[in-house]
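**Q** Input final-v1.cif, format and content: mmCIF, C-alpha atoms and all ligand atoms.
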data_structure
#
loop_
_atom_site.label_atom_id
_atom_site.label_comp_id
_atom_site.auth_asym_id
_atom_site.auth_seq_id
_atom_site.Cartn_x
_atom_site.Cartn_y
_atom_site.Cartn_z
CA MET A 28 -203.51 160.57 -34.76
CA ASN A 29 -203.79 157.13 -33.24
CA THR A 30 -201.10 157.25 -30.61
CA SER A 31 -201.15 153.49 -30.09
CA ASP A 32 -199.55 153.06 -33.58
CA ALA A 33 -196.82 155.59 -32.94
CA GLU A 34 -194.58 154.26 -30.22
CA PRO A 35 -192.24 157.07 -29.14
CA ARG A 36 -188.59 156.14 -29.89
CA SER A 37 -187.57 157.00 -26.35
CA SER A 38 -189.71 154.15 -25.02
CA LEU A 39 -187.23 151.54 -26.45
CA SER A 40 -184.84 150.43 -23.78
CA ARG A 41 -181.11 149.84 -24.43
CA ARG A 42 -181.82 146.10 -24.05
CA ASP A 43 -184.56 146.32 -26.74
CA LEU A 44 -182.14 148.05 -29.06
CA LEU A 45 -179.40 145.45 -28.51
CA GLY A 46 -181.96 142.69 -29.12
CA VAL A 47 -182.95 144.23 -32.44
CA ALA A 48 -179.32 144.71 -33.43
CA ALA A 49 -178.53 141.08 -32.69
CA ALA A 50 -181.33 139.92 -35.01
CA VAL A 51 -180.11 142.01 -37.96
CA PRO A 52 -177.23 140.56 -40.02
CA LEU A 53 -173.97 142.42 -39.51
CA ALA A 54 -173.26 145.00 -42.20
CA ALA A 55 -169.84 145.03 -43.94
CA PRO A 56 -167.26 147.21 -42.12
CA ALA A 57 -167.65 150.87 -43.06
CA ILE A 58 -164.22 151.04 -44.75
CA HIS A 59 -165.34 148.43 -47.28
CA ALA A 60 -168.85 149.79 -47.83
CA PRO A 61 -169.57 149.68 -51.57
CA LYS A 62 -169.40 153.12 -53.10
CA ARG A 63 -172.58 154.06 -54.94
CA ARG A 64 -171.39 155.44 -58.25
CA ARG A 65 -173.53 155.93 -61.33
CA ARG A 66 -173.27 153.07 -63.80
CA LYS A 67 -171.19 154.03 -66.80
CA GLY A 68 -173.23 152.32 -69.51
CA PRO A 69 -172.22 149.25 -71.47
CA VAL A 70 -168.64 148.27 -70.77
CA MET A 71 -166.35 145.51 -71.98
CA VAL A 72 -162.98 144.40 -70.70
CA GLY A 73 -160.70 141.63 -71.89
CA SER A 74 -157.29 140.37 -72.81
CA ARG A 75 -155.17 142.14 -75.43
CA ASN A 76 -156.23 139.76 -78.20
CA ALA A 77 -159.88 140.77 -77.63
CA LEU A 78 -159.51 144.08 -79.44
CA ALA A 79 -160.61 142.99 -82.94
CA GLY A 80 -163.67 141.16 -81.59
CA MET A 81 -164.51 144.05 -79.27
CA LYS A 82 -164.60 146.43 -82.22
CA LEU A 83 -167.28 144.21 -83.77
CA ALA A 84 -169.26 143.36 -80.64
CA TYR A 85 -169.14 146.57 -78.58
CA PRO A 86 -171.44 148.55 -80.94
CA LYS A 87 -173.98 145.73 -80.56
CA LEU A 88 -173.71 145.88 -76.76
CA LEU A 89 -174.26 149.63 -77.01
CA ALA A 90 -177.33 148.95 -79.15
CA GLY A 91 -178.76 146.64 -76.47
CA ALA A 92 -177.32 143.17 -77.20
CA ALA A 93 -177.14 140.77 -74.26
CA PRO A 94 -173.72 140.80 -72.54
CA LEU A 95 -173.20 137.04 -73.04
CA ASP A 96 -173.94 137.33 -76.79
CA ALA A 97 -171.47 140.20 -77.04
CA ALA A 98 -168.73 138.50 -75.01
CA ILE A 99 -168.96 135.29 -77.04
CA GLU A 100 -168.87 137.25 -80.28
CA VAL A 101 -165.57 138.79 -79.13
CA VAL A 102 -163.87 135.47 -78.44
CA ARG A 103 -165.29 133.68 -81.50
CA GLU A 104 -163.11 135.91 -83.66
CA VAL A 105 -159.95 134.65 -82.00
CA GLU A 106 -161.09 131.02 -81.78
CA ALA A 107 -161.28 131.06 -85.58
CA ASP A 108 -158.05 133.01 -86.14
CA PRO A 109 -155.24 130.66 -87.27
CA ASN A 110 -152.64 133.31 -86.40
CA ASP A 111 -153.39 133.34 -82.67
CA SER A 112 -151.45 130.35 -81.42
CA SER A 113 -153.01 130.42 -77.94
CA VAL A 114 -156.69 129.83 -78.74
CA GLY A 115 -158.75 127.53 -80.97
CA LEU A 116 -157.63 127.07 -84.59
CA GLY A 117 -153.83 127.20 -84.80
CA GLY A 118 -153.39 126.79 -81.04
CA ILE A 119 -150.10 125.19 -80.01
CA PRO A 120 -150.80 121.50 -79.36
CA ASN A 121 -150.17 119.29 -76.35
CA GLU A 122 -147.24 116.91 -75.85
CA ASP A 123 -148.79 114.51 -78.39
CA GLY A 124 -149.31 117.15 -81.09
CA LYS A 125 -153.07 117.44 -80.50
CA VAL A 126 -154.84 120.80 -80.14
CA VAL A 127 -156.98 120.42 -77.01
CA LEU A 128 -159.23 123.27 -75.89
CA ASP A 129 -160.82 124.55 -72.68
CA ALA A 130 -163.62 127.15 -72.48
CA ALA A 131 -166.28 128.46 -70.13
CA CYS A 132 -168.93 131.12 -69.92
CA MET A 133 -170.86 132.56 -67.02
CA ASP A 134 -174.01 134.63 -66.71
CA GLY A 135 -173.79 136.78 -63.60
CA THR A 136 -177.45 137.73 -63.74
CA THR A 137 -178.91 134.21 -63.68
CA HIS A 138 -175.84 132.91 -61.81
CA ASN A 139 -175.33 130.06 -64.22
CA SER A 140 -172.27 128.76 -66.01
CA GLY A 141 -171.18 126.18 -68.57
CA ALA A 142 -167.80 124.81 -69.59
CA VAL A 143 -165.98 122.27 -71.71
CA ALA A 144 -162.49 120.98 -71.00
CA ALA A 145 -160.00 118.95 -73.03
CA ILE A 146 -162.23 119.14 -76.11
CA GLU A 147 -160.73 118.45 -79.55
CA ASN A 148 -161.69 119.29 -83.14
CA ILE A 149 -164.35 121.89 -82.33
CA LEU A 150 -163.79 125.43 -83.58
CA HIS A 151 -165.91 127.33 -81.07
CA PRO A 152 -165.66 125.76 -77.60
CA SER A 153 -167.07 128.98 -76.08
CA GLU A 154 -170.35 128.27 -77.88
CA VAL A 155 -170.32 124.68 -76.66
CA ALA A 156 -169.75 125.97 -73.11
CA ARG A 157 -172.86 128.09 -73.58
CA LEU A 158 -174.81 125.04 -74.72
CA VAL A 159 -173.69 123.21 -71.57
CA MET A 160 -175.05 126.15 -69.57
CA GLU A 161 -178.31 126.55 -71.45
CA ARG A 162 -179.15 123.02 -72.61
CA THR A 163 -178.01 120.83 -69.73
CA ASP A 164 -178.24 120.71 -65.99
CA HIS A 165 -174.43 120.54 -65.74
CA CYS A 166 -171.59 123.03 -65.44
CA LEU A 167 -168.70 121.12 -67.06
CA ILE A 168 -168.37 118.40 -69.71
CA VAL A 169 -164.92 117.09 -70.66
CA GLY A 170 -163.01 115.19 -73.34
CA ARG A 171 -164.80 112.85 -75.73
CA GLY A 172 -168.11 113.56 -74.02
CA ALA A 173 -167.70 117.28 -74.75
CA TYR A 174 -166.85 116.55 -78.40
CA ASP A 175 -169.86 114.26 -78.82
CA PHE A 176 -172.08 116.84 -77.11
CA ALA A 177 -170.84 119.54 -79.50
CA ARG A 178 -171.40 117.28 -82.55
CA MET A 179 -174.90 116.46 -81.30
CA HIS A 180 -175.64 120.19 -81.36
CA GLY A 181 -174.40 120.54 -84.93
CA HIS A 182 -170.80 121.70 -84.44
CA GLU A 183 -168.55 120.45 -87.26
CA HIS A 184 -165.45 118.33 -86.83
CA VAL A 185 -162.52 120.65 -87.64
CA GLU A 186 -158.77 119.96 -87.80
CA LEU A 187 -157.35 122.66 -85.53
CA LEU A 188 -153.66 121.93 -86.02
CA THR A 189 -152.22 124.32 -88.59
CA ASP A 190 -148.87 123.87 -90.34
CA ALA A 191 -147.42 126.70 -88.28
CA SER A 192 -148.45 125.23 -84.91
CA ARG A 193 -147.38 121.73 -86.04
CA GLU A 194 -143.92 123.09 -86.95
CA ILE A 195 -143.53 124.74 -83.53
CA TRP A 196 -144.53 121.48 -81.84
CA LEU A 197 -142.18 119.43 -84.04
CA LYS A 198 -139.28 121.72 -83.23
CA TRP A 199 -140.04 121.43 -79.51
CA LYS A 200 -140.22 117.65 -79.83
CA GLU A 201 -136.92 117.47 -81.71
CA THR A 202 -134.99 119.78 -79.42
CA MET A 203 -136.36 118.99 -75.97
CA SER A 204 -133.91 116.20 -75.25
CA ASP A 205 -130.51 115.01 -76.41
CA ARG A 206 -131.25 111.59 -74.93
CA ASP A 207 -133.74 110.40 -77.52
CA ASP A 208 -133.39 109.42 -81.17
CA ARG A 209 -134.82 112.61 -82.65
CA LEU A 210 -132.19 114.84 -84.23
CA PRO A 211 -132.51 118.65 -83.99
CA PRO A 212 -134.19 120.24 -87.05
CA PRO A 213 -132.00 121.64 -89.85
CA VAL A 214 -130.75 125.16 -89.12
CA ASP A 215 -132.85 126.75 -91.86
CA ALA A 216 -136.08 125.43 -90.28
CA ASP A 217 -136.49 128.62 -88.19
CA GLU A 218 -136.21 130.84 -91.25
CA LYS A 219 -138.61 128.68 -93.22
CA HIS A 220 -141.36 128.55 -90.63
CA GLY A 221 -140.49 131.35 -88.21
CA SER A 222 -141.12 128.76 -85.53
CA VAL A 223 -139.85 129.81 -82.12
CA VAL A 224 -140.34 127.37 -79.27
CA PRO A 225 -141.61 129.33 -76.25
CA SER A 226 -139.71 128.86 -73.00
CA ARG A 227 -141.38 127.00 -70.14
CA PHE A 228 -143.17 129.96 -68.56
CA GLU A 229 -143.97 131.65 -71.88
CA ARG A 230 -146.21 128.88 -73.12
CA HIS A 231 -149.40 130.69 -72.22
CA GLY A 232 -152.13 132.56 -74.01
CA THR A 233 -155.90 132.72 -73.83
CA ILE A 234 -158.73 135.14 -74.50
CA HIS A 235 -161.08 136.47 -71.85
CA CYS A 236 -163.95 138.94 -72.25
CA SER A 237 -166.36 140.34 -69.65
CA ALA A 238 -169.36 142.47 -70.65
CA LEU A 239 -171.68 144.67 -68.60
CA SER A 240 -174.90 146.09 -70.06
CA ALA A 241 -176.34 149.52 -69.28
CA ALA A 242 -179.12 147.72 -67.39
CA GLY A 243 -176.63 145.99 -65.09
CA GLU A 244 -176.54 142.50 -66.60
CA VAL A 245 -173.09 140.97 -66.59
CA ALA A 246 -171.52 137.94 -68.32
CA CYS A 247 -168.10 136.63 -69.26
CA THR A 248 -166.24 133.97 -71.19
CA THR A 249 -162.72 132.54 -71.36
CA THR A 250 -161.42 130.24 -74.09
CA THR A 251 -157.99 128.76 -74.78
CA SER A 252 -155.83 126.02 -76.23
CA GLY A 253 -154.10 126.11 -72.84
CA LEU A 254 -150.52 125.61 -71.98
CA ALA A 255 -148.37 124.75 -75.02
CA PHE A 256 -147.05 121.15 -75.01
CA LYS A 257 -149.15 120.34 -71.92
CA ILE A 258 -149.35 116.80 -70.57
CA PRO A 259 -152.31 115.10 -72.30
CA GLY A 260 -155.37 115.53 -70.10
CA ARG A 261 -154.08 118.66 -68.36
CA VAL A 262 -156.87 121.20 -67.80
CA GLY A 263 -156.05 124.81 -66.98
CA ASP A 264 -157.99 127.54 -65.23
CA SER A 265 -160.04 128.72 -68.22
CA PRO A 266 -162.97 126.27 -67.84
CA ILE A 267 -162.88 126.39 -64.03
CA VAL A 268 -165.48 128.76 -62.62
CA GLY A 269 -163.81 130.91 -59.97
CA ALA A 270 -160.34 130.45 -61.46
CA GLY A 271 -160.32 131.50 -65.14
CA LEU A 272 -163.52 133.52 -64.86
CA TYR A 273 -166.28 134.50 -62.47
CA CYS A 274 -169.10 137.00 -62.46
CA ASP A 275 -171.95 137.95 -60.21
CA ALA A 276 -174.43 140.74 -60.93
CA GLU A 277 -174.14 141.78 -57.28
CA ALA A 278 -170.43 142.55 -57.58
CA GLY A 279 -168.83 142.39 -61.04
CA SER A 280 -166.79 140.15 -63.29
CA ALA A 281 -163.19 138.95 -63.62
CA GLY A 282 -161.21 136.60 -65.83
CA SER A 283 -157.62 135.57 -66.26
CA THR A 284 -154.90 134.63 -68.70
CA GLY A 285 -151.44 133.33 -67.90
CA ARG A 286 -150.36 130.51 -65.60
CA GLY A 287 -153.58 128.62 -65.02
CA GLU A 288 -152.25 126.71 -62.04
CA ALA A 289 -151.81 130.02 -60.16
CA ALA A 290 -155.35 131.12 -61.04
CA ILE A 291 -156.70 127.77 -59.84
CA LEU A 292 -154.69 127.73 -56.61
CA SER A 293 -155.74 131.28 -55.73
CA ASN A 294 -159.29 130.89 -57.04
CA GLY A 295 -158.28 134.24 -58.46
CA SER A 296 -161.33 135.42 -60.43
CA PHE A 297 -163.70 134.52 -57.60
CA ALA A 298 -161.44 136.21 -55.06
CA ILE A 299 -161.41 139.42 -57.10
CA VAL A 300 -165.20 139.50 -57.44
CA GLU A 301 -165.55 138.89 -53.70
CA LEU A 302 -163.13 141.74 -52.90
CA MET A 303 -165.21 144.04 -55.13
CA ARG A 304 -168.32 142.90 -53.27
CA GLN A 305 -166.62 144.19 -50.13
CA GLY A 306 -166.07 147.56 -51.79
CA ARG A 307 -162.61 147.32 -53.35
CA SER A 308 -162.12 148.92 -56.76
CA PRO A 309 -161.32 146.58 -59.67
CA GLU A 310 -157.66 147.62 -59.57
CA GLU A 311 -157.31 147.22 -55.79
CA ALA A 312 -159.02 143.81 -55.93
CA GLY A 313 -156.82 142.60 -58.80
CA LEU A 314 -153.56 143.74 -57.19
CA GLU A 315 -154.58 142.21 -53.86
CA VAL A 316 -155.05 138.82 -55.52
CA LEU A 317 -151.69 139.14 -57.34
CA ARG A 318 -150.01 139.83 -53.97
CA ARG A 319 -151.77 136.77 -52.57
CA ILE A 320 -150.42 134.69 -55.48
CA VAL A 321 -146.88 135.92 -54.76
CA ARG A 322 -147.21 134.77 -51.13
CA GLN A 323 -148.57 131.41 -52.27
CA VAL A 324 -145.70 130.97 -54.75
CA GLU A 325 -143.14 131.84 -52.06
CA ARG A 326 -144.34 128.78 -50.17
CA ALA A 327 -144.70 126.55 -53.24
CA SER A 328 -141.21 127.44 -54.46
CA LYS A 329 -139.72 125.58 -51.48
CA TRP A 330 -140.44 122.34 -53.35
CA GLN A 331 -140.67 123.80 -56.88
CA PRO A 332 -137.84 126.38 -57.06
CA ALA A 333 -138.35 127.07 -60.78
CA LEU A 334 -141.53 128.99 -59.91
CA MET A 335 -139.48 131.83 -58.40
CA ARG A 336 -136.85 133.97 -60.12
CA SER A 337 -133.58 134.78 -58.40
CA ASP A 338 -134.90 138.31 -57.65
CA GLY A 339 -137.74 136.82 -55.58
CA ARG A 340 -140.47 137.46 -58.14
CA PRO A 341 -142.64 134.75 -59.69
CA ALA A 342 -141.12 133.26 -62.83
CA PHE A 343 -144.48 133.23 -64.63
CA GLY A 344 -146.99 135.76 -65.89
CA ILE A 345 -150.63 136.04 -64.90
CA GLN A 346 -153.18 138.70 -65.75
CA PHE A 347 -156.71 139.54 -64.58
CA TYR A 348 -159.33 141.60 -66.46
CA ILE A 349 -161.96 143.13 -64.22
CA VAL A 350 -165.16 145.20 -64.30
CA ASP A 351 -167.36 146.24 -61.38
CA MET A 352 -171.09 146.83 -61.51
CA GLN A 353 -170.63 150.59 -61.98
CA GLY A 354 -168.56 149.97 -65.10
CA ALA A 355 -165.11 150.74 -63.67
CA THR A 356 -162.54 148.48 -65.34
CA ALA A 357 -158.98 147.38 -64.63
CA GLY A 358 -156.38 145.04 -66.04
CA VAL A 359 -153.62 143.86 -63.72
CA THR A 360 -150.54 141.76 -64.34
CA MET A 361 -147.71 140.21 -62.38
CA HIS A 362 -145.02 141.73 -64.62
CA GLY A 363 -145.16 144.96 -66.66
CA GLY A 364 -145.03 145.61 -70.38
CA ARG A 365 -148.38 144.18 -71.36
CA THR A 366 -151.73 145.59 -72.40
CA TYR A 367 -155.42 144.72 -72.18
CA CYS A 368 -158.57 145.99 -73.90
CA ALA A 369 -161.58 147.86 -72.65
CA ALA A 370 -164.55 149.65 -74.19
CA ASP A 371 -166.98 152.15 -72.71
CA PRO A 372 -169.31 154.81 -74.14
CA ASP A 373 -166.66 157.56 -73.75
CA ASP A 374 -163.76 155.89 -75.50
CA GLY A 375 -164.87 152.76 -77.36
CA PRO A 376 -162.65 149.67 -77.75
CA ARG A 377 -158.98 150.43 -77.08
CA GLU A 378 -155.74 148.95 -75.77
CA ILE A 379 -154.55 150.10 -72.34
CA ASP A 380 -151.41 149.33 -70.30
CA LEU A 381 -151.98 146.73 -67.61
CA VAL A 382 -151.21 147.82 -64.06
CA ALA A 383 -148.23 145.70 -63.03
CA LEU A 384 -147.44 144.44 -59.54
CA PHE A 385 -143.75 144.37 -60.56
CA ASP A 386 -142.35 146.73 -63.24
N1 LIG B 1 -154.52 130.17 -68.48
C1 LIG B 1 -154.41 129.22 -69.54
C2 LIG B 1 -154.07 127.88 -68.99
O1 LIG B 1 -153.34 127.81 -68.02
C3 LIG B 1 -153.38 129.52 -70.54
C4 LIG B 1 -152.94 130.89 -70.67
O2 LIG B 1 -153.66 131.84 -70.47
O3 LIG B 1 -151.82 131.06 -71.04
O4 LIG B 1 -154.48 126.91 -69.58
#
Before anything else, please render the file you have as structure tokens.
**A**
Amino acid sequence: MNTSDAEPRSSLSRRDLLGVAAAVPLAAPAIHAPKRRRRKGPVMVGSRNALAGMKLAYPKLLAGAAPLDAAIEVVREVEADPNDSSVGLGGIPNEDGKVVLDAACMDGTTHNSGAVAAIENILHPSEVARLVMERTDHCLIVGRGAYDFARMHGHEHVELLTDASREIWLKWKETMSDRDDRLPPPVDADEKHGSVVPSRFERHGTIHCSALSAAGEVACTTTTSGLAFKIPGRVGDSPIVGAGLYCDAEAGSAGSTGRGEAAILSNGSFAIVELMRQGRSPEEAGLEVLRRIVRQVERASKWQPALMRSDGRPAFGIQFYIVDMQGATAGVTMHGGRTYCAADPDDGPREIDLVALFD
């Protein structure tokens, strides 16, 4: 043995050791060290309205489809469904009666994303978001530019306002004020159209889907018609990377539905993924961000009291759908009584109760 190559450990002084330690980046505190669990296989997680699409797309993910292909297949179903009034075709319009959409997708393996905001007359904004990611050097294209970009790539011009969503909008318009010249609709209008105008904090709805492959590739997408009756030009969290969705193949994926302003102000999806990077489980990370949102709303309610109920809880709903890189999933919500969807090799696509911060 050549002894000159094998320096005995005892010959390193305490000073040498401290010098080496100072040069090495600090490891995360032991309590947050990521747990090494075996990956569960392909997994999907998403909002409640993702179930039908998950039943179609999950078998393909199991068979080896790319997570982004599978996630977009899930949300396409709802974008084209006229009966879901929170996404795509049949979405409740803005103040002016126009259906205006936001969507984004993210690939956590290549760390790339694409999004469109305030886009009109395009049936599948999630696919246009993917084109932004794959066919441009940009992350976000908005408004008329997003529409033109979609048309350039062959997307058809589609009227997204259905009779049902137009009736809901008309009723809102006719009943929102007794100080204008519009008279309330005839009393039988509700029976005829079943149109119920959602209250201020119930005007939400969106679809999110995250997908993780057996090989550890992760991707996600969020798509929405946004807040019902929104001010023209308002953009929610869904196309904002870090707010309405975020994924990173080093840590996991998260996406949100509900009050977009709260997801933007908390940077909620990014915060969840970062907490998982530090070793939190999907459920712990999601609940931690909900608690953070409550603290933020406590401060904001000083100038905007309607954000807080009289019992001290936020007046709005917000949900996060989460998967870590080992395939553990969670769905968390501010208030109880809601569900989300998940699929894994053991149980397939199914609806599960969200874990609520407040019952
Ligand atoms: N988060 C969406 C937005 O604020 C809407 C929703 O999920 O209800 O635009």
**Q** So, with all atoms listed in the file as the atoms that count, which of A:Thr248, A:Ser283, A:Ser112, A:Asn121 lies closest to ligand LIG 1 (chain B)?
**A**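 The closest residue to ligand LIG 1 (chain B) is A:Ser283.
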**Q** Could you list, as a list in words, every residue within 7 Å of Ser74 of chain A, counting all atoms listed in the file and ignoring same-chain residues fewer than 3 positions away?
**A**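 Residues near the query, excluding close chain neighbours: Ala77, Ile234, His235, Cys236, Tyr348, Tyr367 and Cys368 of chain A.
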**Q** Produce a table with one row for each residue of chain A that has an atom at most 8 Å from any atom of ligand LIG 1 (chain B), each row naming the nearest atom pair and its distance in Å at one decimal; use only C-alpha atoms and all ligand atoms; arrange rows by chain and rising residue number; format as a Markdown table.
**A**
| residue | atom | partner | partner_atom | distance |
| --- | --- | --- | --- | --- |
| A:Ser113 | CA | B:LIG1 | O3 | 7.0 |
| A:Asp129 | CA | B:LIG1 | O4 | 7.4 |
| A:Glu229 | CA | B:LIG1 | O3 | 7.9 |
| A:Arg230 | CA | B:LIG1 | O3 | 6.4 |
| A:His231 | CA | B:LIG1 | O3 | 2.7 |
| A:Gly232 | CA | B:LIG1 | O3 | 3.3 |
| A:Thr233 | CA | B:LIG1 | O2 | 4.1 |
| A:Ile234 | CA | B:LIG1 | O2 | 7.3 |
| A:Thr251 | CA | B:LIG1 | C3 | 6.3 |
| A:Ser252 | CA | B:LIG1 | O4 | 6.8 |
| A:Gly253 | CA | B:LIG1 | O4 | 3.4 |
| A:Leu254 | CA | B:LIG1 | O4 | 4.8 |
| A:Val262 | CA | B:LIG1 | O4 | 6.4 |
| A:Gly263 | CA | B:LIG1 | O4 | 3.7 |
| A:Asp264 | CA | B:LIG1 | O1 | 5.4 |
| A:Ser265 | CA | B:LIG1 | N1 | 5.7 |
| A:Gly271 | CA | B:LIG1 | N1 | 6.8 |
| A:Ser283 | CA | B:LIG1 | N1 | 6.6 |
| A:Thr284 | CA | B:LIG1 | O2 | 3.5 |
| A:Gly285 | CA | B:LIG1 | O2 | 3.7 |
| A:Arg286 | CA | B:LIG1 | O1 | 4.7 |
| A:Gly287 | CA | B:LIG1 | O1 | 3.1 |
| A:Glu288 | CA | B:LIG1 | O1 | 6.2 |
| A:Ala290 | CA | B:LIG1 | N1 | 7.5 |
| A:Ile345 | CA | B:LIG1 | O2 | 7.6 |
**Q** Restricting the calculation to all atoms listed in the file, which member of A:Glu244, A:Glu311, A:Asp96, A:Asp123 is positioned closest to Ala84 of chain A?
**A** A:Asp96
**Q** Would you compute the distance between atom CA of Gly364 of chain A and atom CA of Phe343 of chain A? Give it in Å to one decimal.
**A**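 So the two atoms, atom CA of Gly364 of chain A and atom CA of Phe343 of chain A, lie 13.7 Å apart.
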**Q** Rounded to one decimal in Å, what is the spacing between atom CA of Leu314 of chain A and atom CA of Leu381 of chain A?
**A** 11.0 Å
**Q** Applying 6 Å and all atoms listed in the file, which residues near Ile146 of chain A remain after dropping the ones on its own chain fewer than 5 positions away? List them as a list in words.
**A**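 My reading of the contact set: Val127, Leu128, Gly170, Ala173 and Tyr174 of chain A.
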**Q** Taking into account all atoms listed in the file, which residue in the set A:His151, A:Lys87, A:Lys125, A:Arg162 is nearest to Glu104 of chain A?
**A** A:His151
**Q** How far is it from atom CA of Asp208 of chain A to atom CA of Trp196 of chain A, in Å with one decimal?
**A**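 Pair atom CA of Asp208 of chain A / atom CA of Trp196 of chain A returns 16.4 Å.
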**Q** Which residues, written as number ranges by chain, have at least one atom at most 12 Å from Ala333 of chain A, with all atoms listed in the file counted and residues fewer than 5 positions away on the same chain left out?
**A** A: 227-228, 324-325, 327-328, 339-343
**Q** Store the residues picked out above in a file with C-alpha atoms, as a PDB file, in the frame of the given file.
**A**
ATOM      1  CA  ARG A 227    -141.380 127.000 -70.140  1.00  0.00           C
ATOM      2  CA  PHE A 228    -143.170 129.960 -68.560  1.00  0.00           C
ATOM      3  CA  VAL A 324    -145.700 130.970 -54.750  1.00  0.00           C
ATOM      4  CA  GLU A 325    -143.140 131.840 -52.060  1.00  0.00           C
ATOM      5  CA  ALA A 327    -144.700 126.550 -53.240  1.00  0.00           C
ATOM      6  CA  SER A 328    -141.210 127.440 -54.460  1.00  0.00           C
ATOM      7  CA  GLY A 339    -137.740 136.820 -55.580  1.00  0.00           C
ATOM      8  CA  ARG A 340    -140.470 137.460 -58.140  1.00  0.00           C
ATOM      9  CA  PRO A 341    -142.640 134.750 -59.690  1.00  0.00           C
ATOM     10  CA  ALA A 342    -141.120 133.260 -62.830  1.00  0.00           C
ATOM     11  CA  PHE A 343    -144.480 133.230 -64.630  1.00  0.00           C
TER      12      PHE A 343
END
**Q** Given the block above, output segment 185-197 of chain A with N, CA and C atoms as a PDB file, in the first residue's frame.
**A**
ATOM      1  N   VAL A 185     -63.932  30.209 -31.423  1.00  0.00           N
ATOM      2  CA  VAL A 185     -65.134  29.540 -30.889  1.00  0.00           C
ATOM      3  C   VAL A 185     -65.896  30.523 -29.995  1.00  0.00           C
ATOM      4  N   GLU A 186     -67.224  30.552 -30.130  1.00  0.00           N
ATOM      5  CA  GLU A 186     -68.034  31.349 -29.190  1.00  0.00           C
ATOM      6  C   GLU A 186     -68.168  30.533 -27.898  1.00  0.00           C
ATOM      7  N   LEU A 187     -67.661  31.078 -26.805  1.00  0.00           N
ATOM      8  CA  LEU A 187     -67.626  30.307 -25.555  1.00  0.00           C
ATOM      9  C   LEU A 187     -68.815  30.601 -24.646  1.00  0.00           C
ATOM     10  N   LEU A 188     -69.554  31.647 -24.969  1.00  0.00           N
ATOM     11  CA  LEU A 188     -70.696  32.016 -24.127  1.00  0.00           C
ATOM     12  C   LEU A 188     -71.890  31.132 -24.501  1.00  0.00           C
ATOM     13  N   THR A 189     -72.338  30.325 -23.555  1.00  0.00           N
ATOM     14  CA  THR A 189     -73.521  29.492 -23.809  1.00  0.00           C
ATOM     15  C   THR A 189     -74.763  30.248 -23.340  1.00  0.00           C
ATOM     16  N   ASP A 190     -75.935  29.756 -23.721  1.00  0.00           N
ATOM     17  CA  ASP A 190     -77.179  30.394 -23.265  1.00  0.00           C
ATOM     18  C   ASP A 190     -77.248  30.396 -21.742  1.00  0.00           C
ATOM     19  N   ALA A 191     -76.837  29.268 -21.141  1.00  0.00           N
ATOM     20  CA  ALA A 191     -76.936  29.164 -19.676  1.00  0.00           C
ATOM     21  C   ALA A 191     -76.041  30.207 -19.000  1.00  0.00           C
ATOM     22  N   SER A 192     -74.795  30.345 -19.472  1.00  0.00           N
ATOM     23  CA  SER A 192     -73.903  31.308 -18.796  1.00  0.00           C
ATOM     24  C   SER A 192     -74.327  32.740 -19.107  1.00  0.00           C
ATOM     25  N   ARG A 193     -74.892  32.962 -20.328  1.00  0.00           N
ATOM     26  CA  ARG A 193     -75.397  34.304 -20.652  1.00  0.00           C
ATOM     27  C   ARG A 193     -76.569  34.669 -19.745  1.00  0.00           C
ATOM     28  N   GLU A 194     -77.444  33.699 -19.457  1.00  0.00           N
ATOM     29  CA  GLU A 194     -78.604  33.968 -18.594  1.00  0.00           C
ATOM     30  C   GLU A 194     -78.162  34.318 -17.168  1.00  0.00           C
ATOM     31  N   ILE A 195     -77.152  33.600 -16.680  1.00  0.00           N
ATOM     32  CA  ILE A 195     -76.653  33.891 -15.320  1.00  0.00           C
ATOM     33  C   ILE A 195     -76.090  35.315 -15.284  1.00  0.00           C
ATOM     34  N   TRP A 196     -75.326  35.652 -16.321  1.00  0.00           N
ATOM     35  CA  TRP A 196     -74.732  36.994 -16.396  1.00  0.00           C
ATOM     36  C   TRP A 196     -75.815  38.068 -16.479  1.00  0.00           C
ATOM     37  N   LEU A 197     -76.854  37.791 -17.313  1.00  0.00           N
ATOM     38  CA  LEU A 197     -77.917  38.785 -17.497  1.00  0.00           C
ATOM     39  C   LEU A 197     -78.655  39.027 -16.181  1.00  0.00           C
TER      40      LEU A 197
END
